[in-house]
Each structure stands twice: as structure tokens, then as C-alpha cells.
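Have a look at the structure below, then the notes.
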Amino acid sequence: MEIKRGGGRSVEQCEMVPKRYSVGFDVNHFGDEEIPISVMLFQQRYGSTWIPGEINEWWERICRENGYKSNDSKLDKMVYHFIELARNAHQYAGSGELSILFESDQVVFEVSDNGEGIESEAEVKIILSMGHGLCEVKKFADTFLLETGGRRYEKIKGKKGLVVAVVPGGTKGLRVRFSKKYKING
């Protein structure tokens with residue numbers, strides 16, 4: 001495994017397929033790059049966030065390094081949902097980690113944070129049925145997994161609704177992983 005550095009950002013990458021890229025973020029940083037104060041002031045004034053722009057730059061670089069077109073319509077839809085999850089993690093928890101795993105037949109995205117998470121199973125079910133955010137990612141994804149509040153909620157092919165399981169030792173924060181089929185090498 002090697003650490004690639006480019007544009008002031010650390011990106012972890014495995015040498016062989018599958019290729020995994022990870023980056024941490026907090027309210028002031030994306031990877032090892034500090035977000036300029038002017039960007040943060042703009043964010044405060046207009047209620048926006050810098051995280052989508054940073055993810056788009058990171059995504060474009062990853063795609064370019066691997067010979068993929070970041071504006072491919074299928075990849076574009078995937079990263080749109082990934083950005084939505086990252087924006088939520090940034091807004092509600094302030095920090096976390098983002099990962100993208102390229103496998104030969106799919107792309108796997110993961111967003112995790114160390115925030116308070118969602119403790120109640122009833123609240124998770126409400127959030128997952130609201131028609132935006134996590135609900136849209138769940139509908140879009142081929143596979144979907146949410147861990148929070150000591151439980152795992154998983155979309156399993158052939159099962160109606162999510163399968164819920166208790167996670168031994170509990171879960172701090174929130175972790176969402178989803179995948180979408182995409183033929184990487186062909």
C-alpha cells in the first residue's frame with residue numbers, strides 16, 4: 001500500500017484491484033489540506049458547505065488516475081449520492097472519513113463519522129422513508145448498509161425492507177456503505 005500525495009491531499013491507494021481511496025475530513029480540513037478561511041466565511045454567510053467541491057476535485061483526480069471519465073453519467077449519479085451522504089456527515093457530525101473502492105464490477109462508497117448517530121430503530125425507519133438523503137441512496141444502490149445505534153440495517157436482494165441485526169459492542173456514530181454495479185475493466 002502506498003500513500004499518494006497530490007494537491008496537498010493524502011490519498012491512500014492499494015496497488016492492485018480492488019483499489020481503495022480514503023480521505024478524512026473535519027470542519028477545517030479535507031485530507032491534510034486546510035480549507036481557506038475565505039471559503040469557511042462564505043459557507044457561514046450563505047449556509048453552503050465546501051465539502052461537495054472538495055469531493056468533486058478528489059473524485060476527478062481519482063478517475064483521471066485510473067483512466068475513467070468522471071463525467072460518465074452512471075459514475076456521476078453515484079458520486080452525487082456519495083456527496084449527499086458526506087454533506088450530511090459534515091453537517092451533523094463535523095468530521096468523518098470517506099472511502100471509495102473500485103472493484104472489477106462495481107464501485108463501493110462509504111461514509112463514516114463519529115457523531116451521535118441515530119439511536120432509535122424507529123427514527124432510522126422514519127429517516128429511511130422520508131424520500132431524500134439516505135432514502136434516495138438506499139433506493140439507488142445495488143447494496144446498502146447502514147450501521148448506527150448498535151444496529152446494522154442492510155438491503156438484501158430478494159428481501160422486502162431492510163434486514164436489521166444487532167452489532168455486538170455497539171456502533172459509534174454512523175456508517176453508510178453502498179455500491180452500484182459498474183464494469184470497471186471493460
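Following the order of the C-alpha cells, chains are lettered A, B, ..., residues in each are numbered from 1, and ligands are numbered from 1.
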
Per-residue nearest contacts of region 88-137 of chain A to region 72-80 of chain A (10 Å; only C-alpha atoms) as JSON lines:
```
{"residue": "A:Ile100", "atom": "CA", "partner": "A:Val79", "partner_atom": "CA", "distance": 9.7}
{"residue": "A:Val107", "atom": "CA", "partner": "A:Met78", "partner_atom": "CA", "distance": 8.4}
{"residue": "A:Val108", "atom": "CA", "partner": "A:Met78", "partner_atom": "CA", "distance": 9.4}
{"residue": "A:Phe109", "atom": "CA", "partner": "A:Val79", "partner_atom": "CA", "distance": 8.5}
{"residue": "A:Val137", "atom": "CA", "partner": "A:Met78", "partner_atom": "CA", "distance": 9.0}
```

Keeping only N, CA and C atoms, write the selected residues to a file as a compact mmCIF listing (two decimals), in the first residue's frame.
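Ended up saving to result30.txt:
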```txt
# COMPACT_ATOMS: atom_id res chain seq x y z
N ILE A 100 -13.73 5.20 -1.22
CA ILE A 100 -14.23 4.72 -2.50
C ILE A 100 -13.41 3.48 -2.85
N VAL A 107 -18.60 -0.17 -7.91
CA VAL A 107 -17.92 0.85 -7.12
C VAL A 107 -18.62 0.87 -5.77
N VAL A 108 -17.83 0.85 -4.69
CA VAL A 108 -18.36 0.84 -3.33
C VAL A 108 -17.97 2.17 -2.67
N PHE A 109 -18.97 2.84 -2.12
CA PHE A 109 -18.75 4.12 -1.44
C PHE A 109 -19.06 3.94 0.04
N VAL A 137 -30.46 7.21 -1.44
CA VAL A 137 -29.28 6.36 -1.62
C VAL A 137 -29.69 4.90 -1.55
```

Would you pick out the contacts of Ala86 (chain A) at 7 Å or less, using only C-alpha atoms, so that residues sharing its chain but fewer than 4 positions from it are not included, and give the list as an mmCIF file with N, CA and C atoms, in the first residue's frame?
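This is the output file result-v5.cif:
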```cif
data_model
loop_
_atom_site.group_PDB
_atom_site.id
_atom_site.type_symbol
_atom_site.label_atom_id
_atom_site.label_comp_id
_atom_site.auth_asym_id
_atom_site.auth_seq_id
_atom_site.Cartn_x
_atom_site.Cartn_y
_atom_site.Cartn_z
ATOM 1 N N PHE A 82 -23.031 9.935 -3.078
ATOM 2 C CA PHE A 82 -21.897 9.935 -2.145
ATOM 3 C C PHE A 82 -21.722 11.322 -1.522
ATOM 4 N N HIS A 90 -20.829 15.809 7.397
ATOM 5 C CA HIS A 90 -20.172 17.076 7.714
ATOM 6 C C HIS A 90 -21.109 17.965 8.533
ATOM 7 N N VAL A 111 -19.204 6.271 3.822
ATOM 8 C CA VAL A 111 -19.081 7.495 4.608
ATOM 9 C C VAL A 111 -19.270 7.092 6.058
#
```

Which neighbours of region 155-163 of chain A fall inside 7 Å, counting only C-alpha atoms, when residues of the same chain fewer than 3 positions from it are skipped, and could you give them as an MDAnalysis selection string? chainID A and resid 143:145

Could you write out the selected residues, including N, CA and C atoms, as a PDB file, in the first residue's frame?
```pdb
ATOM      1  N   THR A 143     -26.368  -2.431  -3.376  1.00  0.00           N
ATOM      2  CA  THR A 143     -26.245  -2.894  -1.990  1.00  0.00           C
ATOM      3  C   THR A 143     -26.232  -1.658  -1.108  1.00  0.00           C
ATOM      4  N   PHE A 144     -26.763  -1.792   0.095  1.00  0.00           N
ATOM      5  CA  PHE A 144     -26.862  -0.668   1.026  1.00  0.00           C
ATOM      6  C   PHE A 144     -26.724  -1.216   2.430  1.00  0.00           C
ATOM      7  N   LEU A 145     -25.887  -0.563   3.236  1.00  0.00           N
ATOM      8  CA  LEU A 145     -25.694  -0.949   4.619  1.00  0.00           C
ATOM      9  C   LEU A 145     -25.579   0.317   5.453  1.00  0.00           C
TER      10      LEU A 145
END
```

Any idea what's packed within 12 Å of region 114-119 of chain A, counting only C-alpha atoms, ignoring anything in its chain fewer than 2 positions away? Could you give it as JSON, numbers by chain? {"A": [24, 25, 26, 88, 89, 90, 91, 92, 93, 94, 95, 96, 97, 111, 112, 121, 122, 123, 124, 125, 126, 127, 128, 146, 147, 148, 149, 150, 151, 152, 153, 170, 171, 172, 173, 174, 175, 176]}

Using only C-alpha atoms, which residue out of A:Glu84, A:Arg64, A:Lys69, A:Val164 lies closest to Cys135 (chain A)?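 Using only C-alpha atoms, Cys135 (chain A) sits closest to A:Glu84.
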
Could you work out how far CA of Asp105 (chain A) lies from CA of Lys181 (chain A), giving the answer in Å with one decimal? 5.8 Å

Step one, run DSSP on the backbone; step two, keep only residues of chain A assigned to strand (DSSP E or B); then write them as number ranges by chain. A: 2-6, 9-13, 19-25, 29-30, 33-34, 96-102, 106-113, 143-148, 151-155, 162-166, 174-181
